[in-house]
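**Q** I'm passing along query30.txt; it holds compact mmCIF, C-alpha atoms and all ligand atoms.
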# COMPACT_ATOMS: atom_id res chain seq x y z
CA MET A 18 42.94 22.88 -6.15
CA SER A 19 43.75 25.49 -3.55
CA PHE A 20 42.05 25.78 -0.15
CA ARG A 21 38.50 27.03 -0.63
CA ALA A 22 36.58 28.94 2.06
CA SER A 23 32.85 29.55 1.68
CA VAL A 24 31.20 31.90 4.13
CA VAL A 25 27.44 31.98 4.68
CA THR A 26 26.55 35.38 6.13
CA LEU A 27 24.12 38.28 6.31
CA TYR A 28 27.10 40.64 5.90
CA PRO A 29 29.18 39.56 2.87
CA GLU A 30 30.68 43.09 2.81
CA MET A 31 32.71 42.07 5.87
CA PHE A 32 34.78 39.73 3.68
CA PRO A 33 37.64 39.49 2.89
CA GLY A 34 38.01 42.57 5.15
CA PRO A 35 41.29 42.24 7.06
CA LEU A 36 42.07 39.02 5.18
CA GLY A 37 42.47 41.10 2.02
CA LEU A 38 45.61 42.70 3.52
CA SER A 39 49.10 41.55 4.40
CA LEU A 40 50.19 37.93 3.84
CA ALA A 41 46.65 36.49 3.67
CA GLY A 42 45.63 39.16 1.16
CA LYS A 43 48.64 38.55 -1.06
CA ALA A 44 47.99 34.81 -0.93
CA LEU A 45 44.34 35.43 -1.87
CA THR A 46 45.39 37.53 -4.86
CA ARG A 47 47.88 34.84 -5.92
CA GLY A 48 45.12 32.20 -5.70
CA ASP A 49 46.82 30.25 -2.89
CA TRP A 50 43.38 30.20 -1.29
CA GLN A 51 39.87 31.16 -2.41
CA LEU A 52 37.06 32.94 -0.64
CA GLN A 53 33.38 32.90 -1.60
CA THR A 54 30.48 34.48 0.25
CA THR A 55 26.84 33.49 0.17
CA HIS A 56 24.37 36.18 1.22
CA ILE A 57 21.65 34.66 3.43
CA ARG A 58 19.31 37.56 2.52
CA GLU A 59 19.07 36.29 -1.05
CA PHE A 60 17.34 33.19 0.30
CA GLY A 61 14.89 35.12 2.48
CA THR A 62 11.16 34.51 2.23
CA GLY A 63 8.46 36.81 0.92
CA ARG A 64 8.58 40.27 -0.53
CA HIS A 65 10.78 41.48 2.31
CA ARG A 66 13.15 38.53 2.11
CA MET A 67 12.70 37.72 5.78
CA VAL A 68 15.53 35.65 7.24
CA ASP A 69 14.56 35.52 10.91
CA ASP A 70 11.53 35.05 13.12
CA THR A 71 10.57 35.18 16.79
CA PRO A 72 11.74 32.33 19.06
CA SER A 73 9.30 29.47 19.49
CA GLY A 74 8.24 29.43 23.13
CA GLY A 75 8.76 33.17 23.43
CA GLY A 76 11.62 35.27 24.73
CA ALA A 77 13.98 37.97 23.52
CA GLY A 78 15.45 38.43 20.07
CA MET A 79 15.11 36.70 16.75
CA VAL A 80 16.24 33.36 15.35
CA LEU A 81 17.58 32.62 11.84
CA ARG A 82 14.99 30.46 10.06
CA ALA A 83 15.84 26.85 9.24
CA ASP A 84 14.40 26.95 5.70
CA VAL A 85 16.20 30.16 4.76
CA LEU A 86 19.55 29.27 6.30
CA SER A 87 19.57 25.73 4.90
CA SER A 88 18.94 27.06 1.37
CA ALA A 89 21.90 29.41 1.74
CA ILE A 90 24.10 26.60 3.08
CA ASP A 91 23.05 24.29 0.21
CA ALA A 92 23.95 26.96 -2.33
CA ALA A 93 27.38 27.43 -0.75
CA SER A 94 28.00 23.74 -0.15
CA PRO A 95 26.01 21.31 -2.35
CA ALA A 96 25.59 17.67 -1.34
CA GLY A 97 28.86 15.81 -1.90
CA ASP A 98 31.02 18.74 -0.81
CA SER A 99 33.74 17.13 1.30
CA ARG A 100 34.64 20.28 3.23
CA PRO A 101 33.81 20.45 6.95
CA ARG A 102 30.82 22.68 7.68
CA LEU A 103 31.33 24.86 10.75
CA LEU A 104 28.85 27.02 12.62
CA MET A 105 30.42 29.89 14.55
CA SER A 106 28.83 29.64 17.98
CA PRO A 107 29.66 30.52 21.60
CA ARG A 108 28.26 27.07 22.49
CA GLY A 109 30.79 25.36 20.25
CA ARG A 110 33.97 23.48 21.00
CA PRO A 111 36.73 26.02 21.73
CA LEU A 112 38.95 26.50 18.68
CA ARG A 113 42.40 24.93 18.99
CA GLN A 114 45.60 25.07 16.96
CA ALA A 115 45.55 21.29 16.35
CA GLU A 116 42.21 21.59 14.53
CA VAL A 117 43.37 24.69 12.68
CA ARG A 118 46.29 22.63 11.39
CA GLU A 119 44.00 19.78 10.27
CA TRP A 120 41.70 22.13 8.41
CA ALA A 121 44.67 23.85 6.73
CA ALA A 122 45.69 20.44 5.34
CA GLY A 123 42.20 19.82 3.93
CA PRO A 124 40.23 21.03 0.88
CA GLY A 125 38.67 24.05 2.62
CA LEU A 126 35.86 25.04 4.97
CA VAL A 127 32.26 26.15 4.91
CA LEU A 128 31.70 28.73 7.65
CA VAL A 129 28.18 29.62 8.75
CA CYS A 130 27.84 32.93 10.60
CA GLY A 131 24.96 33.31 13.04
CA ARG A 132 23.28 36.58 13.96
CA PHE A 133 20.60 37.70 16.42
CA GLU A 134 19.93 35.05 19.11
CA GLY A 135 21.34 32.33 16.90
CA VAL A 136 20.06 29.76 14.40
CA ASP A 137 17.23 27.23 14.41
CA GLU A 138 18.61 24.07 16.05
CA ARG A 139 17.26 21.82 13.28
CA VAL A 140 19.68 23.26 10.70
CA ILE A 141 22.62 22.32 12.92
CA GLU A 142 21.43 18.70 12.88
CA GLY A 143 20.08 18.60 9.33
CA ARG A 144 23.18 20.10 7.71
CA ASN A 145 25.68 18.46 10.03
CA LEU A 146 27.17 21.71 11.33
CA GLN A 147 30.09 21.46 13.73
CA GLU A 148 29.80 24.27 16.30
CA VAL A 149 33.05 26.14 16.94
CA SER A 150 33.66 28.92 19.47
CA ILE A 151 36.55 31.39 19.41
CA GLY A 152 36.30 32.03 23.16
CA ASP A 153 34.09 32.43 26.19
CA TYR A 154 32.47 35.74 25.30
CA VAL A 155 29.55 36.70 23.09
CA LEU A 156 29.98 38.49 19.76
CA SER A 157 27.11 40.13 17.89
CA GLY A 158 27.63 37.86 14.90
CA GLY A 159 29.72 34.99 13.59
CA GLU A 160 31.58 37.07 11.00
CA MET A 161 34.48 38.18 13.22
CA ALA A 162 34.77 34.64 14.51
CA ALA A 163 34.93 33.32 10.92
CA LEU A 164 37.59 35.93 10.03
CA THR A 165 39.60 34.93 13.09
CA LEU A 166 39.37 31.22 12.31
CA LEU A 167 40.27 31.79 8.64
CA ASP A 168 43.24 33.96 9.58
CA ALA A 169 44.57 31.14 11.76
CA VAL A 170 44.07 28.57 8.97
CA VAL A 171 45.30 30.64 6.01
CA ARG A 172 48.65 31.53 7.57
CA LEU A 173 49.43 27.79 7.69
CA LEU A 174 48.73 27.18 3.98
CA PRO A 175 51.79 26.33 1.88
CA GLY A 176 53.55 29.45 0.66
CA VAL A 177 51.54 31.94 2.74
CA MET A 178 53.92 32.54 5.63
CA GLY A 179 57.44 33.33 4.41
CA ASN A 180 59.20 31.65 7.30
CA GLN A 181 57.89 28.08 7.54
CA GLU A 182 60.03 27.35 10.58
CA SER A 183 58.20 29.69 12.94
CA GLY A 184 55.27 27.27 12.60
CA ASN A 185 56.72 24.67 14.93
CA THR A 186 57.99 26.49 18.06
CA GLU A 187 54.95 28.72 18.18
CA SER A 188 52.47 28.96 21.04
CA PHE A 189 50.12 25.93 21.26
CA GLU A 190 52.28 23.74 19.04
CA ASN A 191 53.59 21.12 21.52
CA ASP A 192 51.01 22.44 24.04
CA LEU A 193 53.43 25.15 25.17
CA LEU A 194 53.35 28.92 25.03
CA GLU A 195 56.23 30.39 23.08
CA HIS A 196 59.43 31.68 24.72
CA PRO A 197 60.03 35.48 24.93
CA HIS A 198 61.53 37.34 21.96
CA TYR A 199 64.16 40.08 21.84
CA THR A 200 65.84 42.15 19.13
CA ARG A 201 68.14 45.17 18.91
CA PRO A 202 68.97 47.44 20.63
CA VAL A 203 70.90 45.25 23.07
CA SER A 204 70.24 47.74 25.86
CA TRP A 205 66.91 49.57 26.14
CA GLU A 206 65.93 51.81 29.06
CA GLY A 207 68.42 49.96 31.23
CA ARG A 208 67.03 46.53 30.27
CA GLU A 209 69.40 44.07 28.64
CA ILE A 210 68.79 41.11 26.33
CA PRO A 211 69.42 37.85 28.27
CA PRO A 212 73.17 37.20 27.72
CA VAL A 213 72.66 33.58 26.59
CA LEU A 214 70.95 34.86 23.42
CA SER A 215 74.16 36.68 22.40
CA SER A 216 76.43 33.75 23.34
CA GLY A 217 76.34 32.05 19.94
CA ASP A 218 75.89 28.72 21.77
CA HIS A 219 72.89 27.26 19.91
CA GLY A 220 72.50 24.35 22.32
CA ALA A 221 72.35 26.70 25.31
CA ILE A 222 69.92 29.00 23.48
CA ALA A 223 67.57 26.11 22.64
CA LYS A 224 67.70 24.95 26.26
CA TRP A 225 66.97 28.44 27.59
CA ARG A 226 64.03 28.88 25.20
CA LYS A 227 62.53 25.54 26.16
CA ALA A 228 62.87 26.34 29.88
CA GLU A 229 61.26 29.77 29.36
CA ALA A 230 58.41 28.24 27.35
CA GLU A 231 57.78 25.75 30.15
CA ARG A 232 57.97 28.45 32.85
CA LEU A 233 55.50 30.71 31.02
CA THR A 234 53.12 27.84 30.39
CA ARG A 235 53.22 26.70 34.03
CA ASP A 236 52.60 30.27 35.25
CA ARG A 237 49.93 31.33 32.76
CA ARG A 238 48.30 28.25 31.28
CA PRO A 239 48.87 25.20 33.46
CA ASP A 240 45.81 23.69 31.76
CA LEU A 241 47.87 23.26 28.56
CA LEU A 242 50.37 20.98 30.28
CA ASN A 243 47.90 18.27 31.24
CA ARG A 244 45.74 18.03 28.19
CA SER A 245 45.95 15.43 25.48
N1 LIG B 1 22.18 33.73 22.08
C1 LIG B 1 23.42 33.12 21.77
C2 LIG B 1 24.45 34.15 21.30
C3 LIG B 1 24.15 34.71 19.94
S1 LIG B 1 25.39 35.80 19.39
C4 LIG B 1 23.96 32.40 23.00
O1 LIG B 1 23.69 32.86 24.11
O2 LIG B 1 24.65 31.38 22.88
C5 LIG B 1 25.08 35.86 17.66
C6 LIG B 1 25.99 35.03 16.78
O3 LIG B 1 27.33 35.44 16.96
C7 LIG B 1 26.01 33.55 17.07
O4 LIG B 1 24.98 32.88 16.40
C8 LIG B 1 27.37 33.13 16.55
O5 LIG B 1 27.34 32.87 15.16
C9 LIG B 1 28.22 34.37 16.78
N2 LIG B 1 29.07 34.27 17.99
C10 LIG B 1 28.89 34.93 19.14
N3 LIG B 1 29.85 34.64 20.04
C11 LIG B 1 30.69 33.76 19.43
C12 LIG B 1 31.87 33.07 19.85
N4 LIG B 1 32.38 33.22 21.08
N5 LIG B 1 32.46 32.24 18.98
C13 LIG B 1 31.95 32.06 17.73
N6 LIG B 1 30.83 32.67 17.29
C14 LIG B 1 30.20 33.53 18.12
Show the structure stored in the file as structure tokens.
Ligand code: SAH

**A**
Amino acid sequence: MSFRASVVTLYPEMFPGPLGLSLAGKALTRGDWQLQTTHIREFGTGRHRMVDDTPSGGGAGMVLRADVLSSAIDAASPAGDSRPRLLMSPRGRPLRQAEVREWAAGPGLVLVCGRFEGVDERVIEGRNLQEVSIGDYVLSGGEMAALTLLDAVVRLLPGVMGNQESGNTESFENDLLEHPHYTRPVSWEGREIPPVLSSGDHGAIAKWRKAEAERLTRDRRPDLLNRS
């Protein structure tokens, strides 16, 4: 069974979106991964299929209702589904490559996309949703976050990325940022490619790349060096 993504959203038209193009899109067409969407609106209450209501205690905006959202989640991911259930949320744990790798090795993911002010807290508890953030900024909905997360996961699935090797030296693998890249022309606007890269000495090249990766990480993301 290939990796199966189920997205619970008020905007199913946003999927596969950019994931229908390029390597992810080809892999989707081949069946290397699957994508299903569940439209929260179909589980709305009343004649108008209401999905949200005003926040208890007052305040701005609207909140996705627990009864409506849980029904949509249950349709997408019935009891016994072994896939992790994630809620896209700025309050969540920041997304990291190590987790992306774990999820890519698993059966798939259920991704719940919030809208408005967010979702009723009881659904997070009652449906065991793991909150995941794609960064310290606020989006208008979870859909772009889900697309971002899926893009990161899908490119790691077997057969999706042509060159498997680029997986291991890449930024965040080994808690380092990647070394700089160059290609032809050798001279461009008076700037040259570092001579070591044309030396043919693979040991020296590997050493230079490692040193550059460490220098960039120290300068830009010292926090990566000291984390587990
Ligand atoms: N009132 C909320 C923000 C709601 S934004 C707060 O202050 O925390 C609406 C929806 O967009 C959220 O429910 C979530 O699903 C999504 N979202 C917004 N920012 C996000 C981020 N950085 N990462 C992942 N999802 C995000």

**Q** Counting only C-alpha atoms and all ligand atoms, name the residues that have an atom within 12 Å of an atom of ligand LIG 1 (chain B); the answer should be given as number ranges by chain.

**A** A: 24-27, 72, 76-81, 103-112, 128-138, 141, 146-166

**Q** Expressed in Å to a single decimal, how great is the separation between atom CA of Ile210 of chain A and atom CA of Arg237 of chain A?

**A** 22.2 Å

**Q** Please measure the separation of atom CA of Met178 of chain A and atom CA of Leu45 of chain A, giving the value in Å to one decimal.

**A** 12.5 Å

**Q** Quick one: residues within 9 Å of segment 89-95 of chain A, all atoms listed in the file, excluding same-chain residues fewer than 4 positions away - as a PyMOL selection string?

**A** chain A and resi 23-26+53-60+84-85+99-100+102+127+129+144

**Q** Determine, counting all atoms listed in the file, which protein, DNA and RNA residues have an atom within 10 Å of an atom of segment 234-236 of chain A; residues of the same chain fewer than 5 positions away are not included. Present the result as a list in words.

**A** Ser188, Phe189, Asp192, Leu193, Leu194, Glu195, His196, Ala228, Glu229, Leu241 and Leu242 of chain A

**Q** Could you tell me how far atom CA of Ala223 of chain A lies from atom CA of Arg208 of chain A, in Å and to one decimal?

**A** 21.8 Å

**Q** So, with only C-alpha atoms as the atoms that count, which of A:Leu233, A:Arg226, A:Pro175, A:Thr186 lies closest to Tyr199 of chain A?

**A**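 That would be A:Arg226, the residue with the smallest distance to Tyr199 of chain A.
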
**Q** With 10 Å as the threshold, what does the neighbourhood of (54.4, 37.0, 4.9) contain in terms of residues, counting all atoms listed in the file? Coordinates are those of the file; answer as a PyMOL selection string.

**A** chain A and resi 39-44+172+176-181

**Q** Taking into account only C-alpha atoms, which residue in the set A:Phe20, A:Phe32, A:Trp225, A:Trp120 is nearest to Pro212 of chain A?

**A**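 Between A:Phe20, A:Phe32, A:Trp225, A:Trp120, the residue approaching Pro212 of chain A most closely is A:Trp225.
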
**Q** Need the shell around Arg82 of chain A: protein/DNA/RNA residues with any atom at most 9 Å away, counting only C-alpha atoms. Skip same-chain ones fewer than 3 positions apart. Format as a list in words?

**A**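 Contacts, in chain order: Gly61, Met67, Val68, Asp69, Asp70, Val85, Leu86, Ser87, Val136, Asp137 and Val140 of chain A.
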
**Q** Nearest to Lys227 of chain A among A:Ala83, A:Tyr28, A:Ser88, A:Asn191, with distances taken over only C-alpha atoms: which residue is it?

**A** A:Asn191

**Q** Using all atoms listed in the file, pick whichever of A:Gly143, A:Gly48, A:Gly37, A:Gly207 has the shortest atom-to-atom distance to Leu167 of chain A.

**A**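 Checking each of A:Gly143, A:Gly48, A:Gly37, A:Gly207 against Leu167 of chain A, counting all atoms listed in the file, the winner is A:Gly37.
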
**Q** Which polymer residues have any atom within 9 Å of an atom of Ala122 of chain A, counting all atoms listed in the file, with same-chain residues fewer than 2 positions away left out, as a list in words?

**A**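 My reading of the contact set: Phe20, Val117, Arg118, Glu119, Trp120, Pro124, Gly125, Leu173 and Leu174 of chain A.
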
**Q** Can I get the selected residues back with C-alpha atoms, as a tab-separated table (two decimals), in the frame of the given file?

**A**
chain	number	residue	atom	x	y	z
A	20	PHE	CA	42.05	25.78	-0.15
A	117	VAL	CA	43.37	24.69	12.68
A	118	ARG	CA	46.29	22.63	11.39
A	119	GLU	CA	44.00	19.78	10.27
A	120	TRP	CA	41.70	22.13	8.41
A	124	PRO	CA	40.23	21.03	0.88
A	125	GLY	CA	38.67	24.05	2.62
A	173	LEU	CA	49.43	27.79	7.69
A	174	LEU	CA	48.73	27.18	3.98
